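A.B. asks: What follows is run-v9.cif; its format and atoms are mmCIF, C-alpha atoms and all ligand atoms.
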data_start
#
loop_
_atom_site.label_atom_id
_atom_site.label_comp_id
_atom_site.auth_asym_id
_atom_site.auth_seq_id
_atom_site.Cartn_x
_atom_site.Cartn_y
_atom_site.Cartn_z
CA MET A 15 41.18 81.38 2.00
CA ILE A 16 40.44 77.70 1.34
CA LEU A 17 42.12 75.54 -1.24
CA VAL A 18 40.96 71.93 -1.43
CA GLU A 19 42.95 69.70 -3.80
CA ASN A 20 41.86 66.22 -4.82
CA VAL A 21 40.57 65.30 -1.38
CA HIS A 22 39.55 61.69 -0.81
CA LYS A 23 38.18 60.22 2.38
CA VAL A 24 37.82 56.53 3.02
CA TYR A 25 36.57 55.68 6.52
CA PRO A 26 38.11 52.67 8.34
CA ASP A 27 35.04 50.57 7.47
CA GLY A 28 35.74 51.16 3.76
CA THR A 29 33.06 53.81 3.14
CA ARG A 30 34.27 56.17 0.42
CA ALA A 31 32.79 59.47 1.61
CA LEU A 32 34.85 61.80 -0.67
CA LYS A 33 36.15 60.74 -4.06
CA GLY A 34 38.44 63.52 -5.26
CA VAL A 35 37.05 66.95 -4.34
CA SER A 36 38.79 70.17 -5.48
CA PHE A 37 37.75 73.82 -5.16
CA ARG A 38 38.86 77.17 -3.82
CA ILE A 39 37.11 79.83 -1.79
CA GLU A 40 38.36 83.41 -1.67
CA LYS A 41 38.58 85.54 1.47
CA GLY A 42 35.21 87.07 2.39
CA GLU A 43 33.15 84.73 0.20
CA PHE A 44 29.83 83.41 1.52
CA VAL A 45 29.52 79.92 0.11
CA GLY A 46 26.89 77.20 0.50
CA LEU A 47 27.57 73.47 0.50
CA MET A 48 24.46 71.59 -0.58
CA GLY A 49 23.72 67.98 -1.38
CA PRO A 50 21.62 65.02 -0.33
CA SER A 51 21.97 63.27 3.00
CA GLY A 52 25.14 61.15 3.06
CA SER A 53 26.76 62.98 0.13
CA GLY A 54 29.84 63.96 2.19
CA LYS A 55 29.10 67.48 3.45
CA SER A 56 29.99 66.91 7.11
CA THR A 57 33.05 64.89 6.16
CA LEU A 58 34.31 67.72 3.95
CA LEU A 59 33.67 70.40 6.59
CA HIS A 60 35.43 68.34 9.27
CA ILE A 61 38.47 67.91 7.04
CA ILE A 62 38.64 71.65 6.25
CA ALA A 63 38.34 72.36 9.98
CA GLY A 64 41.21 70.01 10.70
CA LEU A 65 38.92 67.82 12.83
CA ASP A 66 39.59 64.86 10.54
CA LYS A 67 42.33 63.96 8.04
CA PRO A 68 41.80 63.18 4.37
CA THR A 69 43.00 59.81 3.07
CA GLU A 70 44.49 61.59 0.06
CA GLY A 71 44.83 65.16 -1.18
CA ARG A 72 45.51 68.38 0.68
CA VAL A 73 43.75 71.37 2.20
CA LEU A 74 45.25 74.83 2.55
CA VAL A 75 43.59 77.35 4.84
CA ASP A 76 44.94 80.89 4.57
CA GLY A 77 47.93 79.47 2.70
CA LYS A 78 48.82 76.85 5.34
CA ASP A 79 48.65 73.13 4.55
CA ILE A 80 46.60 71.84 7.47
CA THR A 81 46.84 68.24 6.30
CA ARG A 82 50.56 68.23 7.15
CA MET A 83 50.22 69.67 10.65
CA ASN A 84 50.51 67.54 13.79
CA GLU A 85 47.78 67.69 16.46
CA ASP A 86 49.44 70.49 18.46
CA GLN A 87 50.05 72.64 15.39
CA LEU A 88 46.47 72.03 14.26
CA ALA A 89 44.99 72.94 17.63
CA GLU A 90 46.95 76.20 17.64
CA PHE A 91 46.04 76.97 14.02
CA ARG A 92 42.35 76.23 14.60
CA LYS A 93 42.24 78.41 17.69
CA ASN A 94 43.59 81.40 15.77
CA ASN A 95 41.76 80.98 12.50
CA ILE A 96 38.75 78.67 12.33
CA ALA A 97 35.42 78.39 14.12
CA PHE A 98 32.91 75.60 13.68
CA ILE A 99 29.16 75.97 14.21
CA PHE A 100 27.02 72.85 14.64
CA GLN A 101 23.35 72.10 14.22
CA PHE A 102 23.16 71.19 17.91
CA TYR A 103 24.72 73.99 19.82
CA TYR A 104 26.79 72.07 22.40
CA LEU A 105 26.60 74.85 24.95
CA LEU A 106 27.67 74.05 28.50
CA GLU A 107 24.36 73.52 30.29
CA ASP A 108 25.50 74.62 33.75
CA PHE A 109 26.88 77.92 32.49
CA THR A 110 25.07 81.08 31.46
CA ALA A 111 25.24 82.42 27.90
CA LEU A 112 27.82 84.98 29.05
CA GLU A 113 29.89 82.34 30.83
CA ASN A 114 29.82 80.06 27.78
CA LEU A 115 31.53 82.85 25.83
CA VAL A 116 33.90 84.05 28.54
CA LEU A 117 35.21 80.53 29.13
CA ILE A 118 36.50 80.28 25.56
CA GLY A 119 38.40 83.54 25.94
CA GLN A 120 39.82 82.48 29.31
CA LEU A 121 41.00 79.12 28.00
CA ALA A 122 42.79 80.90 25.17
CA GLY A 123 44.41 83.36 27.58
CA GLN A 124 42.52 86.35 26.18
CA ARG A 125 43.12 89.57 28.10
CA GLU A 126 39.57 90.87 28.55
CA PRO A 127 37.23 87.98 27.73
CA LYS A 128 34.26 89.42 29.60
CA LYS A 129 34.46 92.70 27.72
CA ARG A 130 34.59 90.90 24.38
CA ALA A 131 31.77 88.51 25.40
CA LEU A 132 29.49 91.40 26.40
CA GLU A 133 30.20 93.22 23.13
CA LEU A 134 29.36 90.09 21.16
CA LEU A 135 26.15 89.41 23.08
CA ASN A 136 25.14 93.00 22.39
CA PHE A 137 25.86 92.55 18.67
CA LEU A 138 23.84 89.31 18.72
CA ARG A 139 20.96 91.09 20.47
CA LEU A 140 21.31 88.77 23.44
CA SER A 141 22.31 91.22 26.18
CA HIS A 142 19.01 90.65 27.97
CA ARG A 143 19.64 86.88 28.03
CA ALA A 144 23.32 87.04 29.10
CA ASN A 145 22.67 85.57 32.53
CA HIS A 146 20.35 82.81 31.37
CA LYS A 147 21.37 79.18 31.01
CA PRO A 148 20.86 77.32 27.73
CA TYR A 149 17.63 75.57 28.82
CA GLN A 150 16.12 79.02 29.44
CA LEU A 151 16.88 80.13 25.87
CA SER A 152 14.96 79.51 22.65
CA GLY A 153 16.63 77.48 19.88
CA GLY A 154 17.51 80.65 17.99
CA GLU A 155 18.94 82.26 21.11
CA GLN A 156 21.00 79.15 21.79
CA GLN A 157 22.36 79.21 18.25
CA ARG A 158 23.16 82.92 18.55
CA THR A 159 25.01 82.13 21.78
CA ALA A 160 26.94 79.39 19.95
CA ILE A 161 27.76 81.94 17.23
CA GLY A 162 28.99 84.32 19.91
CA ARG A 163 31.20 81.58 21.28
CA ALA A 164 32.52 80.92 17.77
CA LEU A 165 33.37 84.61 17.40
CA MET A 166 35.22 84.99 20.71
CA LEU A 167 38.65 84.32 19.21
CA LYS A 168 38.06 86.38 16.04
CA PRO A 169 38.13 83.60 13.42
CA LYS A 170 38.98 84.30 9.79
CA LEU A 171 36.92 81.33 8.63
CA ILE A 172 33.58 80.02 9.89
CA LEU A 173 32.47 76.52 8.92
CA ALA A 174 28.86 75.72 9.76
CA ASP A 175 27.14 72.33 9.52
CA GLU A 176 23.35 72.76 9.21
CA PRO A 177 23.40 75.80 11.52
CA THR A 178 19.69 76.42 11.03
CA GLY A 179 18.65 72.76 10.89
CA ASN A 180 16.86 73.02 14.21
CA LEU A 181 15.26 76.41 13.73
CA ASP A 182 12.12 77.65 12.04
CA LEU A 183 12.45 79.55 8.79
CA GLU A 184 12.26 83.06 10.29
CA GLU A 185 14.87 82.32 12.93
CA GLY A 186 17.03 80.62 10.28
CA LYS A 187 16.89 83.74 8.12
CA ARG A 188 17.93 85.91 11.06
CA ILE A 189 20.97 83.66 11.59
CA PHE A 190 21.94 83.96 7.92
CA GLU A 191 21.52 87.74 8.03
CA LEU A 192 23.80 87.80 11.05
CA PHE A 193 26.39 85.75 9.16
CA LEU A 194 26.23 88.15 6.21
CA GLU A 195 26.71 91.11 8.53
CA LEU A 196 29.83 89.42 9.92
CA ARG A 197 31.13 88.81 6.43
CA ASP A 198 30.57 92.46 5.48
CA LYS A 199 31.92 93.99 8.69
CA GLU A 200 34.75 91.63 9.57
CA GLY A 201 35.57 90.02 6.24
CA ILE A 202 34.98 86.55 7.69
CA THR A 203 34.83 83.77 5.09
CA PHE A 204 31.91 81.32 5.38
CA LEU A 205 31.30 77.79 4.16
CA ILE A 206 27.87 76.58 5.25
CA ALA A 207 26.34 73.15 4.71
CA THR A 208 22.57 73.24 4.50
CA HIS A 209 19.64 71.26 3.18
CA ASN A 210 17.47 74.31 3.18
CA GLN A 211 16.73 75.51 -0.37
CA GLU A 212 15.28 78.75 1.08
CA MET A 213 18.82 79.78 2.05
CA THR A 214 20.26 79.45 -1.46
CA LYS A 215 19.54 83.11 -2.17
CA TYR A 216 21.91 84.29 0.55
CA PHE A 217 24.99 82.61 -0.90
CA ASP A 218 27.52 84.16 -3.32
CA ARG A 219 27.67 80.67 -4.80
CA VAL A 220 26.81 77.11 -3.94
CA LEU A 221 29.02 74.02 -4.11
CA ARG A 222 26.84 71.03 -4.90
CA ILE A 223 28.04 67.65 -3.75
CA ARG A 224 26.64 64.24 -4.62
CA ASP A 225 28.02 60.85 -3.65
CA GLY A 226 31.39 62.27 -2.64
CA LEU A 227 31.95 64.37 -5.77
CA LEU A 228 31.28 68.03 -6.60
CA GLU A 229 28.84 68.70 -9.42
CA ASN A 230 29.58 71.53 -11.80
N1 LIG B 301 32.80 57.71 10.95
C1 LIG B 301 32.30 57.17 9.84
N2 LIG B 301 32.58 55.90 9.51
C2 LIG B 301 32.08 55.32 8.38
N3 LIG B 301 31.29 55.96 7.49
C3 LIG B 301 30.98 57.24 7.78
C4 LIG B 301 31.44 57.92 8.96
N4 LIG B 301 30.95 59.17 8.96
C5 LIG B 301 30.21 59.29 7.85
N5 LIG B 301 30.22 58.15 7.11
C6 LIG B 301 29.58 57.88 5.81
O1 LIG B 301 30.18 58.74 4.87
C7 LIG B 301 29.21 59.25 3.95
C8 LIG B 301 29.19 60.75 4.01
O2 LIG B 301 28.69 61.15 5.28
P1 LIG B 301 28.54 62.69 5.70
O3 LIG B 301 28.12 62.69 7.14
O4 LIG B 301 29.76 63.42 5.33
O5 LIG B 301 27.33 63.15 4.78
P2 LIG B 301 26.41 64.46 4.84
O6 LIG B 301 26.29 64.94 3.44
O7 LIG B 301 26.96 65.39 5.85
O8 LIG B 301 25.04 63.85 5.33
P3 LIG B 301 23.86 64.55 6.19
O9 LIG B 301 23.31 65.64 5.33
O10 LIG B 301 22.90 63.43 6.40
O11 LIG B 301 24.49 65.04 7.47
C9 LIG B 301 27.91 58.57 4.33
O12 LIG B 301 27.78 57.41 3.53
C10 LIG B 301 28.11 58.20 5.79
O13 LIG B 301 27.32 57.09 6.13
#
Starting from the coordinates I provided, produce the structure as structure tokens.

C.D. replies:
Amino acid sequence: MILVENVHKVYPDGTRALKGVSFRIEKGEFVGLMGPSGSGKSTLLHIIAGLDKPTEGRVLVDGKDITRMNEDQLAEFRKNNIAFIFQFYYLLEDFTALENLVLIGQLAGQREPKKRALELLNFLRLSHRANHKPYQLSGGEQQRTAIGRALMLKPKLILADEPTGNLDLEEGKRIFELFLELRDKEGITFLIATHNQEMTKYFDRVLRIRDGLLEN
């Protein structure tokens, strides 16, 4: 599902964030990305998501070389394949949980976005909060809403950057259990950056990164 080959990233200010990273992840794997602050986790996730370009090397997602796509091709590919989940949920504050989901489907020209959104909120055990706005939701509920939004377009790959960084341990575990259920039911592949050692047990395997290089 993901093939990363000799990826380097040098930022314009000269910071060498990635120094030759290579690995592969099979479809349906549930993989952790762990390492100290500043080791390159976010940079790597952004490059795999096509949100940033590597300076050198290539990244294939589902067999397609995303490093050679132009912006339009990337946007189309991302829409159909990849979802990104952030530590801070970036929900639209003036919209309800339901509307936050429906909007994504509408923008993508989905046929029945409301039906899909309601199904997802039900799966996420959020039906009773569907008509609430983000400020009326707990952190865990906001993250579950963000997960619902990520699922609207049926991604094959979910990349998550510290998805439980803002939640207490119990709520964090519930989010991971939800992710595992999605992997089992839908075959979604996951790559999740986290600092949280408690979550190690959930992963099939963990990629450890330090100073821009993977450790073996
Ligand atoms: N836009 C940028 N310009 C210059 N340097 C950057 C930029 N973004 C990140 N860096 C640097 O690149 C390195 C890797 O950063 P990155 O955010 O990928 O690390 P991280 O492992 O995700 O850290 P954290 O766990 O703290 O989020 C760090 O030294 C960081 O300061």

A.B. asks: Quick one: residues within 6 Å of (43.6, 62.4, 1.5) (file frame), counting all atoms listed in the file, please, as a list in words.

C.D. replies: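 In the file's frame, the residues around the point are Val21, His22, Lys23, Pro68, Thr69, Glu70 and Gly71 of chain A.
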
A.B. asks: Counting only C-alpha atoms and all ligand atoms, what are the residues, protein, DNA or RNA alike, that approach ligand LIG 301 (chain B) to within 10 Å? I want them as a ChimeraX atom specification.

C.D. replies: /A:23-32,47-61,66,101,175-176,207-209,223-226

A.B. asks: Point out the residue among A:Thr110, A:Gln150, A:Thr203, A:Asn95 with the least atom-to-atom distance to A:Ala174, counting all atoms listed in the file.

C.D. replies: A:Thr203

A.B. asks: Calculated over only C-alpha atoms, which of the candidates A:Met213, A:Leu132, A:Leu117, A:Ile161 has the smallest distance to A:Leu183?

C.D. replies: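 Result for the nearest residue to A:Leu183: A:Met213.
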
A.B. asks: Give me the box for stretch 38-55 of chain A as lines of an AutoDock Vina configuration file, namely the centre and edge lengths in Å to one decimal of a box along x, y and z that holds every listed atom plus 6 Å on each side.

C.D. replies:
center_x = 30.2
center_y = 74.1
center_z = -0.2
size_x = 29.2
size_y = 37.9
size_z = 19.3

A.B. asks: Between A:Leu151, A:Ala144, A:Ala160, A:Ala131, which residue has the minimum interatomic distance to A:Thr178, considering all atoms listed in the file?

C.D. replies: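 Between A:Leu151, A:Ala144, A:Ala160, A:Ala131, the residue approaching A:Thr178 most closely is A:Ala160.
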
A.B. asks: From the list A:Val18, A:Leu194, A:Ala122, A:Leu138, which residue is nearest A:Gly34 when using only C-alpha atoms?

C.D. replies: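 Closest candidate: A:Val18.
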
A.B. asks: Need to verify the contact set: A:Met83, 10 Å, only C-alpha atoms, exclusion of same-chain residues closer than 6 positions in sequence. Can you return it as a PyMOL selection string?

C.D. replies: chain A and resi 64+89+91

A.B. asks: Between A:Leu134, A:Leu228, A:Val75, A:Leu181, which one has atoms that come closest to A:Met166, using all atoms listed in the file?

C.D. replies: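 The answer is A:Leu134, which sits nearest to A:Met166.
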
A.B. asks: Could you check which of A:Tyr216, A:Arg72, A:Arg92, A:Thr81 is closest to A:Lys168, using all atoms listed in the file?

C.D. replies: A:Arg92

A.B. asks: Tell me, in Å to one decimal, how far atom CA of A:Ala111 is from atom CA of A:Asn136.

C.D. replies: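 Interatomic distance here is 11.9 Å.
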
A.B. asks: Expressed in Å to a single decimal, how great is the separation between atom CA of A:Leu88 and atom CA of A:Phe217?

C.D. replies: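 Between atom CA of A:Leu88 and atom CA of A:Phe217 the gap is 28.3 Å.
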
A.B. asks: Using all atoms listed in the file, which protein or nucleic acid residues come within 9 Å of stretch 77-79 of chain A? Drop anything in the same chain fewer than 6 positions from it, and give the result as a ChimeraX atom specification.

C.D. replies: /A:15-17

A.B. asks: Distance atom CA of A:Arg130-atom CA of A:Val116, one decimal place?

C.D. replies: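 Computing it gives 8.0 Å between the two atoms.
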
A.B. asks: Taking 2 positions as the minimum chain separation for residues in the same chain, which residues sit within 9 Å of A:Glu43 when counting all atoms listed in the file? Answer as a list in words.

C.D. replies: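 The residues that qualify are Met15, Ile39, Glu40, Lys41, Val45, Arg197, Gly201, Ile202, Thr203, Phe204, Leu205, Phe217, Asp218 and Arg219 of chain A.
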